[in-house]
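The structure appears below as structure tokens.
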Amino acid sequence: MIRTRFAPSPTGSMHIGNLRTAFYAYALAKHNKGDFILRIEDTDKKREKMGGVEDIKRLLKIFNIKWDEYCVQSQRLEIYNKIAKKLVSDGHAFYCQCEAKNAKEDGFSKELRDPCRDKDLKSGAIKLKVPDKENIEFTDYVLKKKISWNTSTVGDATLLKSDGFPTYHLAVVVDDNDMKISHALRGHDWMPSTPIHLLVYKYLEFTVPEIGHLTDIMDPDGGKLSKRKGSTSVDGLINEGYLPEALFNFVILLGWAPKDNKELFTLKEFVNLFDPLGFQKANPIFNRDKLDWFNGEYIRKISNSNLCKKFEIQNSDFKKMDKDKKIQITKLVKERIKKISDFDSLANFFFEEPKVDNKLFGIDYKKHIESALLVLKNIKGWDLETLNSDLMNEVTKNNFKIGDFFMSLRISLTGTKFTPPINDSIIILGKEETIKRLNKME
RNA sequence: GGCCCCAUCGUCUAGUGGCCUAGGACACCAGAUUCUCAUUCUGGGAACCUGGAUUCGAAUUCCAGUGGGGUCACCA
């Protein structure tokens with residue numbers, strides 16, 4: 001039975017890399033008809049964020065990731081305490097009363113052995129008594145490779161903080177064991193602390209699950225992708241106008257690939273085709289261009305009415321419009337945008353009279369507008385076919401250059417050179433409004 | 001700096017000793033379609049980090065160098 005877990009901390013907005021870990025863990029479990037567990041690692045009270053847990057659940061739901069079991073570490077404090085004390089009485093851990101060190105801003109600690117390890121204190125934080133000159137190893141599930149350490153290079157790690165909360169090192173081992181996790185997937189940044197966990201497994205006589213270290217997603221400028229470098233929070237990306245389907249597809253292919261290089265995946269297809277042999281070993285770079293491409297693909301895939309709803313959320317003027325018109329506009333914009341947020345720049349002229357910069361026009365624009373007005377005033381009916389043919393007749397009659405003529409109309413009506421097809425737009429805009437805008441240009 | 005991981009087009013990658021003249025996708029360039037933009041279609045340039053070793057044969061195995069990344073908290 002394969003059982004995997006996703007174990008985020010509610011300390012900030014979820015990062016795209018965390019989400020990817022959830023997708024992989026979910027696919028590994030579900031591909032094998034196993035269980036996927038959501039475990040909240042809320043053992044750092046100082047960094048915990050209000051609503052963090054709800055955010056995690058909300059995000060997973062957006063991506064259709066459902067968990068079979070749910071657990072919260074802060075509700076298991078006695079268990080960790082008991083086990084930490086057992087480790088002390090067994091001689092594998094010790095109490096420490098040193099002042100807590102903070103993260104180094106620069107430099108690094110050279111002292112691996114804690115001064116309290118032989119003081120035989122009776123209270124304080126509990127630290128692991130790492131032995132010297134022992135070899136400890138495991139086979140990484142992602143790297144498919146044996147990795148080993150000499151314990152003399154591993155520092156005495158804190159297992160239980162003086163506030164009674166466990167650190168990750170203790171909690172992860174105890175929980176994965178209690179929950180019968182068969183495969184633990186985690187970020188590559190955990191690799192250096194794996195020997196600590198291995199030692200805890202050994203002293204507790206637990207069986208070690210498969211442990212796999214996923215690649216880190218890198219920033220295009222170098223270094224690990226972080227919140228500071230651009231918007232990499234999942235909420236941020238969604239707000240920017242990326243579809244969950246596209247985000248999912250993009251991110252699973254960052255660090256994993258199928259044998260046949262298939263590009264487009266739904267969650268279901270990913271679960272079906274998932275193969276742990278497809279895991280990548282080298283860190284990938286977060287590449288916006290590819291994300292944009294995926295997003296465009298998915299925008300073109302979803303139905304007009306669903307896309308229309310997304311535009312409504314994005315733009316309140318659009319929402320107020322007549323339903324038929326909304327669908328027509330949606331169709332015109334659909335194949336021209338890469339992000340939902342691109343909607344405004346392309347469709348704004350439908351609800352707002354544009355400011356027209358006369359410098360955009362070519363030489364004969366006044367003649368063009370004059371002719372167009374003539375056509376519009378005499379047009380019989382209001383449909384695209386008639387408009388097309390009447391306008392084209394006028395163009396040939398006056399010997400206008402087709403492109404120039406329509407560009408003049410485009411600029412007068414929309415204020416820009418890049419728009420949906422102008423005749424379709426005129427039909428949606430309406431006869432009255434079109435004439436009104438053209439008159440202003442004369 | 002110690003420890004650990006990694007290394008194929010600009011980017012994501014296929015490749016598990018001969019099928020590789022290294023394949024696909026994004027991006028880029030050119031052309032076709034088109035009233036602009038976009039979509040769509042066709043074509044193009046573009047990579048095995050370096051040096052040794054093993055082998056009849058190496059992108060693929062081994063070693064070293066170089067480069068990139070991670071980590072060295074009572075944070076996860």
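Ligands are numbered from 1 in the order shown, residues from 1 within each chain, and chains are lettered A, B, ... in the order they appear in the structure tokens.
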Using only C-alpha atoms (C1' of nucleotides), which residues sit within 12 Å of B:G31 once same-chain residues fewer than 3 positions away are excluded, as an NGL selection string?
:B and (41-44)
At a cut-off of 7 Å, can you tabulate as CSV every residue of chain B near chain A together with its closest atom pair and the distance in Å to one decimal, using only C-alpha atoms (C1' of nucleotides) and ordering rows by chain then number?
residue,atom,partner,partner_atom,distance
B:C3,C1',A:Thr153,CA,6.4
B:C4,C1',A:Pro192,CA,6.1
B:C6,C1',A:Ala282,CA,5.2
B:U11,C1',A:Asn287,CA,6.5
B:C12,C1',A:Leu254,CA,6.6
B:A14,C1',A:Asn261,CA,6.6
B:G24,C1',A:Asn261,CA,6.6
B:C26,C1',A:Lys290,CA,5.0
B:A27,C1',A:Asp289,CA,6.8
B:C35,C1',A:Gly403,CA,4.7
B:U36,C1',A:Phe418,CA,5.5
B:C37,C1',A:Phe418,CA,4.6
B:A38,C1',A:Arg336,CA,4.4
B:U39,C1',A:Glu335,CA,5.7
B:G70,C1',A:Asp189,CA,5.4
B:U71,C1',A:Pro192,CA,5.6
B:C72,C1',A:Phe108,CA,6.0
B:A73,C1',A:Ala103,CA,4.9
B:C74,C1',A:Lys161,CA,4.4
B:A76,C1',A:Tyr168,CA,6.5
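When atom CA of A:Lys61 is paired with atom CA of A:Phe23, their separation reads 12.1 Å.
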Quick one: residues within 8 Å of A:Phe63, only C-alpha atoms (C1' of nucleotides), excluding same-chain residues fewer than 4 positions away - as a PDB file with N, CA and C atoms, in the first residue's frame?
ATOM      1  N   LEU A  59      -6.309  26.253  -1.613  1.00  0.00           N
ATOM      2  CA  LEU A  59      -5.482  26.100  -2.808  1.00  0.00           C
ATOM      3  C   LEU A  59      -5.527  24.664  -3.339  1.00  0.00           C
ATOM      4  N   PRO A 244      -5.513  27.700 -13.135  1.00  0.00           N
ATOM      5  CA  PRO A 244      -4.987  26.584 -12.353  1.00  0.00           C
ATOM      6  C   PRO A 244      -4.553  25.408 -13.238  1.00  0.00           C
ATOM      7  N   GLU A 245      -5.298  25.144 -14.285  1.00  0.00           N
ATOM      8  CA  GLU A 245      -4.952  24.037 -15.184  1.00  0.00           C
ATOM      9  C   GLU A 245      -3.569  24.245 -15.796  1.00  0.00           C
ATOM     10  N   PHE A 248      -0.777  24.040 -13.090  1.00  0.00           N
ATOM     11  CA  PHE A 248      -0.553  22.621 -12.788  1.00  0.00           C
ATOM     12  C   PHE A 248       0.323  21.978 -13.857  1.00  0.00           C
TER      13      PHE A 248
END
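Atom CA of A:Asp140 is positioned 28.1 Å from atom C1' of B:A53.
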Please, which residues of stretch 40-89 of chain A, numbered as in this document, come out strand (DSSP E or B) from DSSP, as a list in words?
Ile40, Glu69, Tyr70, Cys71 and Val72 of chain A
Smallest atom-to-atom distance to A:Lys326: which of A:Leu429, A:Val72, A:Val173, A:Leu225, using only C-alpha atoms?
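So, comparing all the options, the nearest one is A:Leu429.
Selecting alpha helix (DSSP H) from the backbone DSSP output for stretch 132-224 of chain A yields A:Tyr168, A:His169, A:Leu170, A:Ala171, A:Val172, A:Val173, A:Val174, A:Asp175, A:Asp176, A:Asn177, A:Asp178, A:Thr194, A:Pro195, A:Ile196, A:His197, A:Leu198, A:Leu199, A:Val200, A:Tyr201, A:Lys202, A:Tyr203, A:Leu204.
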What does the structure give for the distance between atom CA of A:Lys323 and atom CA of A:Lys440, in Å to one decimal?
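These two atoms are separated by 28.5 Å.
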From the set A:Lys129, A:Arg113, A:Lys268, A:Lys145, which residue has the shortest atom-to-atom contact distance to A:Leu199, counting only C-alpha atoms?
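Nearest candidate to A:Leu199 out of A:Lys129, A:Arg113, A:Lys268, A:Lys145: A:Lys129.
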Contacts of B:U8 at 12 Å or less, counting only C-alpha atoms (C1' of nucleotides), minus same-chain residues fewer than 2 places along, as a count of residues only?
13
